[in-house]
file model19.cif (mmCIF, C-alpha atoms)
data_work
loop_
_atom_site.label_atom_id
_atom_site.label_comp_id
_atom_site.auth_asym_id
_atom_site.auth_seq_id
_atom_site.Cartn_x
_atom_site.Cartn_y
_atom_site.Cartn_z
CA GLY A 1 91.95 56.72 60.34
CA ARG A 2 92.54 53.95 62.85
CA PHE A 3 90.37 51.54 60.86
CA LEU A 4 92.50 52.15 57.76
CA ALA A 5 95.65 50.49 59.13
CA GLY A 6 97.94 52.95 57.40
CA ARG A 7 96.10 53.18 54.09
CA GLN A 8 96.27 56.64 52.54
CA GLY A 9 94.00 58.48 50.17
CA PRO A 10 90.68 60.22 49.78
CA VAL A 11 87.91 60.15 52.34
CA ALA A 12 84.33 61.20 51.57
CA MET A 13 81.48 62.42 53.74
CA ILE A 14 77.74 62.47 53.16
CA ALA A 15 75.71 64.73 55.45
CA GLY A 16 71.98 64.72 55.95
CA SER A 17 71.76 68.49 55.79
CA LEU A 18 74.54 71.02 55.56
CA SER A 19 72.29 73.55 57.29
CA TYR A 20 71.53 71.32 60.30
CA ARG A 21 73.77 72.36 63.16
CA GLY A 22 74.27 68.83 64.47
CA HIS A 23 75.54 67.63 61.10
CA GLU A 24 77.60 70.78 60.68
CA GLU A 25 79.30 70.10 64.03
CA ARG A 26 79.99 66.48 63.07
CA GLU A 27 81.52 67.71 59.82
CA MET A 28 83.71 70.28 61.58
CA GLY A 29 84.89 67.76 64.16
CA PHE A 30 85.65 65.16 61.51
CA LEU A 31 87.57 67.60 59.31
CA ARG A 32 89.59 68.83 62.28
CA LEU A 33 90.42 65.31 63.42
CA ILE A 34 91.51 64.21 59.95
CA GLU A 35 93.69 67.32 59.59
CA ASP A 36 95.28 66.97 63.03
CA GLU A 37 95.66 63.21 63.37
CA PHE A 38 95.68 61.71 59.87
CA PRO A 39 97.49 64.00 57.42
CA ALA A 40 97.88 61.19 54.84
CA LEU A 41 94.11 61.29 54.35
CA HIS A 42 92.36 64.03 52.44
CA VAL A 43 88.66 64.81 52.40
CA VAL A 44 87.26 65.07 48.90
CA GLY A 45 84.23 67.08 49.90
CA VAL A 46 80.94 66.83 51.68
CA ARG A 47 77.79 65.83 49.83
CA GLU A 48 74.27 66.52 51.09
CA GLY A 49 71.97 63.48 51.03
CA LEU A 50 69.04 64.85 53.06
CA ASP A 51 68.96 61.64 55.15
CA ASP A 52 67.45 59.87 52.13
CA ALA A 53 68.70 56.38 51.29
CA GLN A 54 68.04 56.74 47.55
CA THR A 55 69.88 60.07 47.35
CA ASN A 56 72.75 58.69 49.43
CA HIS A 57 72.96 55.69 47.11
CA LYS A 58 73.38 57.97 44.09
CA LEU A 59 75.89 60.20 45.90
CA ALA A 60 77.97 57.23 47.08
CA ARG A 61 77.99 55.68 43.60
CA THR A 62 79.18 58.98 42.14
CA LEU A 63 81.89 59.34 44.81
CA LEU A 64 83.10 55.79 44.18
CA ARG A 65 83.20 56.43 40.43
CA GLN A 66 85.00 59.78 40.80
CA HIS A 67 87.45 58.44 43.40
CA PRO A 68 88.15 54.78 42.63
CA ASN A 69 90.82 54.78 45.35
CA LEU A 70 88.42 56.05 48.05
CA VAL A 71 89.62 54.63 51.36
CA ALA A 72 86.75 55.64 53.64
CA LEU A 73 83.24 57.02 53.65
CA TYR A 74 81.59 58.66 56.65
CA ASN A 75 77.81 59.09 56.57
CA ILE A 76 77.06 61.91 58.98
CA GLY A 77 73.27 61.59 58.91
CA GLY A 78 70.56 59.08 58.05
CA GLY A 79 70.05 56.99 54.95
CA ALA A 80 73.13 54.83 55.55
CA GLU A 81 71.45 51.87 53.86
CA GLY A 82 71.76 53.70 50.53
CA VAL A 83 75.50 54.09 51.01
CA GLY A 84 75.70 50.45 52.00
CA ARG A 85 73.92 49.40 48.82
CA ALA A 86 76.39 51.43 46.72
CA LEU A 87 79.34 49.84 48.51
CA LYS A 88 77.95 46.37 47.88
CA GLU A 89 77.57 47.18 44.18
CA HIS A 90 81.08 48.64 43.98
CA ARG A 91 83.61 46.13 42.71
CA ALA A 92 87.07 47.05 43.94
CA ALA A 93 90.06 45.17 45.27
CA THR A 94 89.78 47.01 48.58
CA ARG A 95 86.48 48.20 50.01
CA PRO A 96 86.36 51.62 51.65
CA VAL A 97 85.91 51.74 55.41
CA PHE A 98 82.32 52.77 56.12
CA ILE A 99 81.23 54.52 59.32
CA ALA A 100 77.76 55.93 59.97
CA HIS A 101 75.29 56.96 62.68
CA GLY A 102 72.14 55.43 64.13
CA LEU A 103 71.43 51.80 64.95
CA THR A 104 68.45 50.67 62.86
CA PRO A 105 67.49 47.28 61.42
CA GLU A 106 69.17 48.37 58.17
CA THR A 107 72.43 49.52 59.74
CA ARG A 108 72.47 46.41 61.95
CA ALA A 109 72.34 44.28 58.78
CA LEU A 110 75.20 46.31 57.25
CA LEU A 111 77.32 45.71 60.34
CA ILE A 112 76.54 42.00 60.36
CA ASP A 113 77.40 41.48 56.69
CA GLY A 114 80.62 43.52 57.00
CA THR A 115 79.61 46.37 54.68
CA MET A 116 79.74 48.83 57.59
CA ASP A 117 82.73 48.89 59.90
CA ALA A 118 81.44 50.98 62.78
CA LEU A 119 78.40 52.89 63.86
CA ILE A 120 78.05 55.81 66.24
CA ASN A 121 74.78 55.46 68.10
CA GLN A 122 73.15 58.05 70.33
CA ASP A 123 70.52 57.16 72.89
CA PRO A 124 67.30 58.71 71.50
CA GLN A 125 65.35 58.10 74.72
CA THR A 126 67.77 60.22 76.75
CA MET A 127 67.63 62.97 74.13
CA MET A 128 63.81 62.98 74.20
CA LEU A 129 63.72 63.01 78.02
CA ASP A 130 66.24 65.86 78.05
CA CYS A 131 63.99 67.89 75.75
CA VAL A 132 61.05 67.33 78.09
CA ARG A 133 63.23 68.23 81.12
CA ILE A 134 64.39 71.47 79.47
CA LEU A 135 60.81 72.52 78.65
CA THR A 136 59.61 71.58 82.14
CA ASN A 137 62.51 73.48 83.72
CA LEU A 138 61.69 76.58 81.70
CA ARG A 139 57.99 76.31 82.58
CA ASP A 140 58.82 75.95 86.27
CA GLY A 141 61.35 78.79 86.32
CA ARG A 142 64.44 76.61 86.83
CA GLY A 143 67.64 76.79 84.83
CA ALA A 144 67.09 75.10 81.49
CA GLN A 145 69.84 72.51 82.05
CA ALA A 146 68.83 71.43 85.59
CA GLY A 147 68.78 67.63 85.70
CA VAL A 148 69.59 67.30 82.01
CA GLU A 149 71.88 64.37 81.29
CA PRO A 150 74.67 64.49 78.74
CA VAL A 151 73.80 62.76 75.48
CA ARG A 152 74.93 59.16 75.65
CA PHE A 153 76.51 57.53 72.67
CA SER A 154 78.16 54.24 71.91
CA LEU A 155 80.43 52.89 69.24
CA VAL A 156 78.82 49.80 67.76
CA LEU A 157 80.77 47.17 65.87
CA ARG A 158 79.61 43.83 64.52
CA GLU A 159 81.28 42.22 67.51
CA ASN A 160 79.39 44.21 70.16
CA LEU A 161 75.94 44.59 68.60
CA PRO A 162 73.31 45.04 71.31
#
call {"tool": "encode", "arguments": {"input": "model19.cif", "output": "structure tokens"}}
result
Amino acid sequence: GRFLAGRQGPVAMIAGSLSYRGHEEREMGFLRLIEDEFPALHVVGVREGLDDAQTNHKLARTLLRQHPNLVALYNIGGGAEGVGRALKEHRAATRPVFIAHGLTPETRALLIDGTMDALINQDPQTMMLDCVRILTNLRDGRGAQAGVEPVRFSLVLRENLP
């Protein structure tokens, strides 16, 4: 909503999996935020892309065709490069704001060329270490969360690319 500078209209979401709890929680949080903070926006539905770039490309093309006035697209899971390709192919006076997850060489390129506006990145090393800590804690009879760090995330823009 803040990236839209007052623009109103439909917003679309593409999830990796609607049965994956992490993506389900992102969807719930996003829907709640839009409802509470940005009532001029309306979500036109969630599509399931299975974190596949080719599937996401097809879904994004369909969404852009069905909603020519789409103001934003949020890719909850992987395969953001497919959405980016669809946005590059889409010829419209105003490009939808595009936000996704996971810094990869492909998403880095989308940020650099301006196709993607922002990226939410989580620190995979911390998540992996936390998994090992939880298993070690359980093996050693400690509380599962002992020494487990909160998941770190960062908001990445073209201007602050690491």
call {"tool": "closest_residue", "arguments": {"input": "model19.cif", "among": "A:Arg139, A:Arg85, A:Arg158, A:Arg7", "to": "Gly114 of chain A", "atoms": "all atoms listed in the file"}}
result
A:Arg158
call {"tool": "closest_residue", "arguments": {"input": "model19.cif", "among": "A:Arg152, A:His42, A:Lys58, A:Arg2", "to": "Thr126 of chain A", "atoms": "only C-alpha atoms"}}
result
A:Arg152
call {"tool": "closest_residue", "arguments": {"input": "model19.cif", "among": "A:Pro162, A:Gly77, A:Pro150, A:Pro68", "to": "Leu111 of chain A", "atoms": "only C-alpha atoms"}}
result
A:Pro162
call {"tool": "residues_around", "arguments": {"input": "model19.cif", "residues": "Gln8 of chain A", "least_positions_apart": "4", "cutoff": "10 Å", "atoms": "all atoms listed in the file", "output": "number ranges by chain"}}
result
A: 1, 4, 38-42, 69-72
call {"tool": "atom_distance", "arguments": {"input": "model19.cif", "atom1": "atom CA of Gly16 of chain A", "atom2": "atom CA of Val83 of chain A"}}
result
12.2 Å
